[in-house]
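Shown next, in structure tokens, is the structure this report addresses.
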Amino acid sequence: MRRCRDRGAVLLLQVALLLPWAYGFQKPSCGQRVSVKPRNRDSSGILGGEAADIREFPWQVRILHNRRHLCGGSVLSKWWVLTAAHCFYRITDYNLVITHSVSNVSITNSTAVRVDKLITHPYFDSWLLDNDIALLLLQSPLPLGVKNSPICVSEVTDLCKWTNCWVTGWGFTSVTNASLSPTLQKVSIKLMQQHKCSNTMPLITRNMLCAGHKRGGKDACQGDSGGPLVCQKKKKTDIWYQVGIISWGLGCGQKNLPGVYTKVANYLLWISKETRLAGKPYVYEKDSGASVFLSPWAVSLLHSGARPSITSATSEEAAKK
């Protein structure tokens with residue numbers, strides 16, 4: 001009998017370990033995108049960038065005010081868009097709309113959704129641009145799926161953990177030609193450690209991070225504000241995370257002058273609180289950092305020796321990395 005119980009425990013452990021994988025496979029998750037063939041390089045990009053397909057960055061949205069481009073943003077969930085607070089500094093009404101799922105602004109069949117509520121950070125400093133973060137609650141849910149997924153967020157603050165970082169937007173494509181790009185643009189940039197950033201840029205706070213290139217020429221610019229800076233984890237390159245929000249800079253693409261971004265990891269509790277108070281709670285997938293993590297549900301099963309029922313478990317009960 002003892003031998004049989006031991007074998008049952010081993011089988012139960014195997015099933016419990018497989019549950020996170022099983023539910024992660026079945027449920028469309030954040031930070032996913034479809035494979036897209038490389039496009040020909042477009043020199044009229046977001047300062048040294050190139051044309052992008054919206055399927056490469058399916059979380060990217062445009063924010064319009066009175067039908068005019070205002071800023072960029074990113075989809076957190078079917079109800080919420082993340083963006084920068086400074087975009088709305090002089091906005092006194094809610095005549096805001098977001099468009100989704102198109103690369104070219106001239107396409108008329110884009111998904112357009114009105115904004116129901118604007119939430120800016122209560123300690124946003126319009127002079128320092130500290131706490132430059134805002135949330136948009138939509139009037140109706142976005143149709144999300146495999147081809148238009150939301151972006152992930154992460155608690156990881158160590159910049160050395162990230163790789164392959166990109167910024168996207170429809171902003172100015174040249175410092176001498178102040179005009180928006182008709183197509184979505186992307187550019188690869190590198191994160192800069194905080195101490196180096198502080199030596200280069202004035203008035204950097206702990207809520208900001210810097211990214212760019214030493215030689216300049218690759219950067220976000222006016223019109224890209226509020227858009228996402230996304231990266232992959234060095235040890236988990238199948239998922240994309242939003243590390244920053246395009247905030248400010250001294251010019252665009254200047255040598256030794258990186259762009260400055262709101263550090264998203266510092267605001268996860270604020271996002272959770274505000275979305276809950278608004279009646280549409282957003283729950284992000286936490287980063288445990290462990291290669292194997294058992295949920296309390298799985299631990300209690302192992303302790304009691306009960307036989308698991310995969311069909312009765314929900315995806316929320318299954319732990320994810």
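The way I read the labels, and the way they are meant: chains A, B, ... in the order of the structure tokens, residue 1 as the first residue of every chain, and ligand 1 as the first ligand shown, with later ones counted on from there.
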
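Residues lying within 9 Å of Phe88 (chain A), counting only C-alpha atoms and ignoring same-chain neighbours fewer than 2 positions away, are Leu70, Ala84, Ala85, His86, Arg90, Ile91, Thr92, Leu118, Thr120 and Ala134 of chain A.
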
Could you tell me, as a ChimeraX atom specification, which residues of region 99-228 of chain A DSSP assigns to strand (DSSP E) when given the backbone?
/A:99-100,111-120,134-138,152-153,162-169,185-192,208-212,228

Which residue is closest to Val115 (chain A)? Choose from A:Thr200, A:Gln139, A:Thr183, A:Asn164 and count only C-alpha atoms.
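Looking at the shortest contact to Val115 (chain A), the residue is A:Gln139.
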
Write out as an MDAnalysis selection string which residues come within 10 Å of His213 (chain A) when counting only C-alpha atoms, dropping same-chain ones fewer than 6 positions away.
chainID A and resid 188:192 219 253:259

Only all heavy atoms, please: the residues just picked out, written as a compact mmCIF listing (two decimals), in the first residue's frame.
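Everything below was put into out13.txt:
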# COMPACT_ATOMS: atom_id res chain seq x y z
N SER A 188 14.94 50.02 -33.02
CA SER A 188 15.59 49.27 -31.95
C SER A 188 16.49 50.20 -31.15
O SER A 188 17.28 50.96 -31.73
CB SER A 188 16.41 48.12 -32.55
OG SER A 188 17.14 47.46 -31.53
N ILE A 189 16.35 50.17 -29.83
CA ILE A 189 17.17 51.03 -28.98
C ILE A 189 17.74 50.19 -27.82
O ILE A 189 17.32 49.06 -27.61
CB ILE A 189 16.37 52.22 -28.42
CG1 ILE A 189 15.14 51.72 -27.65
CG2 ILE A 189 15.97 53.17 -29.53
CD1 ILE A 189 14.38 52.84 -26.98
N LYS A 190 18.69 50.78 -27.10
CA LYS A 190 19.34 50.08 -26.00
C LYS A 190 19.07 50.81 -24.69
O LYS A 190 19.14 52.03 -24.62
CB LYS A 190 20.85 49.99 -26.25
CG LYS A 190 21.21 49.14 -27.47
CD LYS A 190 22.71 49.04 -27.65
CE LYS A 190 23.06 48.16 -28.84
NZ LYS A 190 24.53 48.04 -29.04
N LEU A 191 18.78 50.02 -23.65
CA LEU A 191 18.55 50.59 -22.33
C LEU A 191 19.86 51.09 -21.74
O LEU A 191 20.92 50.53 -21.96
CB LEU A 191 17.93 49.55 -21.40
CG LEU A 191 16.60 48.92 -21.85
CD1 LEU A 191 16.13 47.90 -20.82
CD2 LEU A 191 15.54 49.98 -22.08
N MET A 192 19.77 52.17 -20.96
CA MET A 192 20.94 52.77 -20.32
C MET A 192 20.79 52.67 -18.81
O MET A 192 19.72 52.97 -18.27
CB MET A 192 21.08 54.23 -20.74
CG MET A 192 22.25 54.96 -20.11
SD MET A 192 22.34 56.70 -20.58
CE MET A 192 22.83 56.54 -22.31
N ASP A 219 15.67 57.19 -32.29
CA ASP A 219 14.97 57.70 -31.12
C ASP A 219 13.48 57.85 -31.43
O ASP A 219 13.08 57.84 -32.61
CB ASP A 219 15.54 59.08 -30.75
CG ASP A 219 15.20 59.51 -29.34
OD1 ASP A 219 14.57 58.72 -28.60
OD2 ASP A 219 15.58 60.64 -28.97
N GLY A 253 16.98 62.08 -31.07
CA GLY A 253 18.09 61.38 -31.70
C GLY A 253 19.42 62.09 -31.63
O GLY A 253 20.30 61.85 -32.46
N GLN A 254 19.62 62.94 -30.61
CA GLN A 254 20.88 63.66 -30.48
C GLN A 254 21.96 62.75 -29.91
O GLN A 254 21.69 61.84 -29.11
CB GLN A 254 20.69 64.87 -29.55
CG GLN A 254 19.68 65.88 -30.04
CD GLN A 254 20.08 66.53 -31.34
OE1 GLN A 254 21.21 67.05 -31.47
NE2 GLN A 254 19.19 66.51 -32.31
N LYS A 255 23.20 62.98 -30.33
CA LYS A 255 24.32 62.19 -29.85
C LYS A 255 24.47 62.34 -28.34
O LYS A 255 24.43 63.46 -27.81
CB LYS A 255 25.61 62.63 -30.56
CG LYS A 255 26.83 61.79 -30.22
CD LYS A 255 28.05 62.25 -31.01
CE LYS A 255 29.27 61.42 -30.66
NZ LYS A 255 30.47 61.86 -31.43
N ASN A 256 24.63 61.22 -27.64
CA ASN A 256 24.82 61.17 -26.19
C ASN A 256 23.63 61.73 -25.40
O ASN A 256 23.77 62.03 -24.20
CB ASN A 256 26.09 61.94 -25.79
CG ASN A 256 27.34 61.26 -26.30
OD1 ASN A 256 27.45 60.04 -26.31
ND2 ASN A 256 28.30 62.07 -26.76
N LEU A 257 22.48 61.86 -26.04
CA LEU A 257 21.27 62.32 -25.35
C LEU A 257 20.16 61.30 -25.58
O LEU A 257 19.42 61.37 -26.57
CB LEU A 257 20.84 63.70 -25.84
CG LEU A 257 21.75 64.87 -25.48
CD1 LEU A 257 21.23 66.16 -26.09
CD2 LEU A 257 21.88 65.01 -23.95
N PRO A 258 20.01 60.33 -24.69
CA PRO A 258 18.99 59.30 -24.88
C PRO A 258 17.58 59.84 -24.65
O PRO A 258 17.40 60.92 -24.08
CB PRO A 258 19.36 58.27 -23.80
CG PRO A 258 19.99 59.08 -22.72
CD PRO A 258 20.76 60.16 -23.43
N GLY A 259 16.59 59.07 -25.08
CA GLY A 259 15.21 59.39 -24.76
C GLY A 259 14.90 58.95 -23.34
O GLY A 259 15.55 58.06 -22.78

Give me the residues near Asp125 (chain A) as a VMD selection string, where near means some atom within 12 Å (using only C-alpha atoms) and where sequence neighbours in that chain fewer than 3 positions away do not count.
chain A and resid 84 to 86 89 120 to 122 128 to 133 203 205 207

Going by DSSP on the backbone, which bits of region 64-222 of chain A are helix (DSSP H, G or I)? Write them as a ChimeraX atom specification, please.
/A:85-88,159-161,194-200

Selected residue, from A:His100, A:Lys161, A:Arg68, A:Lys235, that lies nearest to Ile54 (chain A) when counting only C-alpha atoms
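Distance minimum relative to Ile54 (chain A) lands on A:His100.
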
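Coordinates place CA of Ser181 (chain A) at a distance of 24.3 Å from CA of Leu76 (chain A).
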
Sort by chain and increasing residue number a table of all residues of region 155-202 of chain A within 12 Å of region 262-284 of chain A, each with its closest pair of atoms and their distance in Å to one decimal, counting only C-alpha atoms, and write it as a Markdown table.
| residue | atom | partner | partner_atom | distance |
| --- | --- | --- | --- | --- |
| A:Glu155 | CA | A:Ala265 | CA | 5.1 |
| A:Val156 | CA | A:Ala265 | CA | 6.7 |
| A:Thr157 | CA | A:Ala265 | CA | 6.4 |
| A:Asp158 | CA | A:Ala265 | CA | 10.1 |
| A:Leu159 | CA | A:Lys263 | CA | 10.6 |
| A:Leu191 | CA | A:Lys263 | CA | 11.5 |
| A:Gln194 | CA | A:Lys263 | CA | 11.2 |

Atoms to include: all heavy atoms. Write the selected residues as a CSV table (one decimal), in the first residue's frame.
chain,number,residue,atom,x,y,z
A,155,GLU,N,7.4,43.1,-13.1
A,155,GLU,CA,7.9,43.7,-11.9
A,155,GLU,C,9.5,43.8,-11.9
A,155,GLU,O,10.1,44.4,-11.1
A,155,GLU,CB,7.6,42.8,-10.7
A,155,GLU,CG,6.1,42.6,-10.5
A,155,GLU,CD,5.8,41.4,-9.6
A,155,GLU,OE1,6.6,40.4,-9.7
A,155,GLU,OE2,4.8,41.4,-8.9
A,156,VAL,N,10.1,43.3,-13.0
A,156,VAL,CA,11.6,43.3,-13.1
A,156,VAL,C,12.1,44.7,-13.3
A,156,VAL,O,11.7,45.4,-14.3
A,156,VAL,CB,12.0,42.4,-14.2
A,156,VAL,CG1,13.5,42.5,-14.4
A,156,VAL,CG2,11.6,40.9,-13.9
A,157,THR,N,12.9,45.2,-12.4
A,157,THR,CA,13.5,46.5,-12.5
A,157,THR,C,15.0,46.5,-13.0
A,157,THR,O,15.5,47.6,-13.3
A,157,THR,CB,13.4,47.3,-11.2
A,157,THR,OG1,14.0,46.5,-10.2
A,157,THR,CG2,11.9,47.5,-10.8
A,158,ASP,N,15.6,45.4,-12.9
A,158,ASP,CA,17.0,45.3,-13.3
A,158,ASP,C,17.1,45.3,-14.8
A,158,ASP,O,16.7,44.4,-15.5
A,158,ASP,CB,17.6,43.9,-12.8
A,158,ASP,CG,19.1,43.8,-13.1
A,158,ASP,OD1,19.6,44.7,-13.8
A,158,ASP,OD2,19.7,42.7,-12.7
A,159,LEU,N,17.7,46.4,-15.3
A,159,LEU,CA,17.7,46.6,-16.8
A,159,LEU,C,18.6,45.6,-17.5
A,159,LEU,O,18.5,45.4,-18.7
A,159,LEU,CB,18.2,48.0,-17.1
A,159,LEU,CG,17.4,49.2,-16.5
A,159,LEU,CD1,18.0,50.5,-17.0
A,159,LEU,CD2,15.9,49.0,-16.9
A,191,LEU,N,18.8,50.0,-23.7
A,191,LEU,CA,18.5,50.6,-22.3
A,191,LEU,C,19.9,51.1,-21.7
A,191,LEU,O,20.9,50.5,-22.0
A,191,LEU,CB,17.9,49.5,-21.4
A,191,LEU,CG,16.6,48.9,-21.9
A,191,LEU,CD1,16.1,47.9,-20.8
A,191,LEU,CD2,15.5,50.0,-22.1
A,194,GLN,N,20.9,53.5,-14.9
A,194,GLN,CA,20.4,54.8,-14.2
A,194,GLN,C,21.5,55.7,-13.9
A,194,GLN,O,21.4,57.0,-14.2
A,194,GLN,CB,19.7,54.4,-13.0
A,194,GLN,CG,18.9,55.6,-12.3
A,194,GLN,CD,17.6,55.9,-13.0
A,194,GLN,OE1,17.2,55.2,-14.0
A,194,GLN,NE2,16.9,56.9,-12.5

Two-atom distance - CA of Tyr241 (chain A), CA of Ser103 (chain A) (Å)
20.2 Å

I'd like the contact shell of Leu137 (chain A) - 8 Å cut-off, only C-alpha atoms, skipping same-chain residues fewer than 4 positions apart - returned as a PyMOL selection string.
chain A and resi 79-81+115-118

Selection export as a PDB file, in the first residue's frame, atoms kept: N, CA and C atoms:
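The file below, out_15.pdb, is the result:
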ATOM      1  N   TRP A  79     -10.211  46.389 -21.808  1.00  0.00           N
ATOM      2  CA  TRP A  79     -10.823  47.617 -21.291  1.00  0.00           C
ATOM      3  C   TRP A  79      -9.845  48.766 -21.112  1.00  0.00           C
ATOM      4  N   TRP A  80      -8.538  48.490 -21.063  1.00  0.00           N
ATOM      5  CA  TRP A  80      -7.586  49.509 -20.624  1.00  0.00           C
ATOM      6  C   TRP A  80      -6.459  49.755 -21.624  1.00  0.00           C
ATOM      7  N   VAL A  81      -6.109  51.046 -21.757  1.00  0.00           N
ATOM      8  CA  VAL A  81      -4.968  51.483 -22.561  1.00  0.00           C
ATOM      9  C   VAL A  81      -4.025  52.264 -21.651  1.00  0.00           C
ATOM     10  N   VAL A 115     -13.216  56.693 -25.576  1.00  0.00           N
ATOM     11  CA  VAL A 115     -12.692  56.622 -24.210  1.00  0.00           C
ATOM     12  C   VAL A 115     -13.785  57.050 -23.239  1.00  0.00           C
ATOM     13  N   ASP A 116     -13.998  56.235 -22.221  1.00  0.00           N
ATOM     14  CA  ASP A 116     -15.017  56.529 -21.218  1.00  0.00           C
ATOM     15  C   ASP A 116     -14.456  57.318 -20.042  1.00  0.00           C
ATOM     16  N   LYS A 117     -13.196  57.041 -19.684  1.00  0.00           N
ATOM     17  CA  LYS A 117     -12.616  57.694 -18.515  1.00  0.00           C
ATOM     18  C   LYS A 117     -11.118  57.839 -18.678  1.00  0.00           C
ATOM     19  N   LEU A 118     -10.602  58.994 -18.296  1.00  0.00           N
ATOM     20  CA  LEU A 118      -9.167  59.276 -18.295  1.00  0.00           C
ATOM     21  C   LEU A 118      -8.690  59.356 -16.854  1.00  0.00           C
TER      22      LEU A 118
END

Residues within 6 Å of Leu184 (chain A), please, as JSON, numbers by chain. Count only C-alpha atoms; anything in the same chain fewer than 5 positions from it doesn't count.
{"A": [52, 103, 169, 170]}

Considering only C-alpha atoms, can you say which of A:Cys30, A:Ile119, A:Cys87, A:Leu209 comes closest to Trp240 (chain A)?
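Result for the nearest residue to Trp240 (chain A): A:Cys30.
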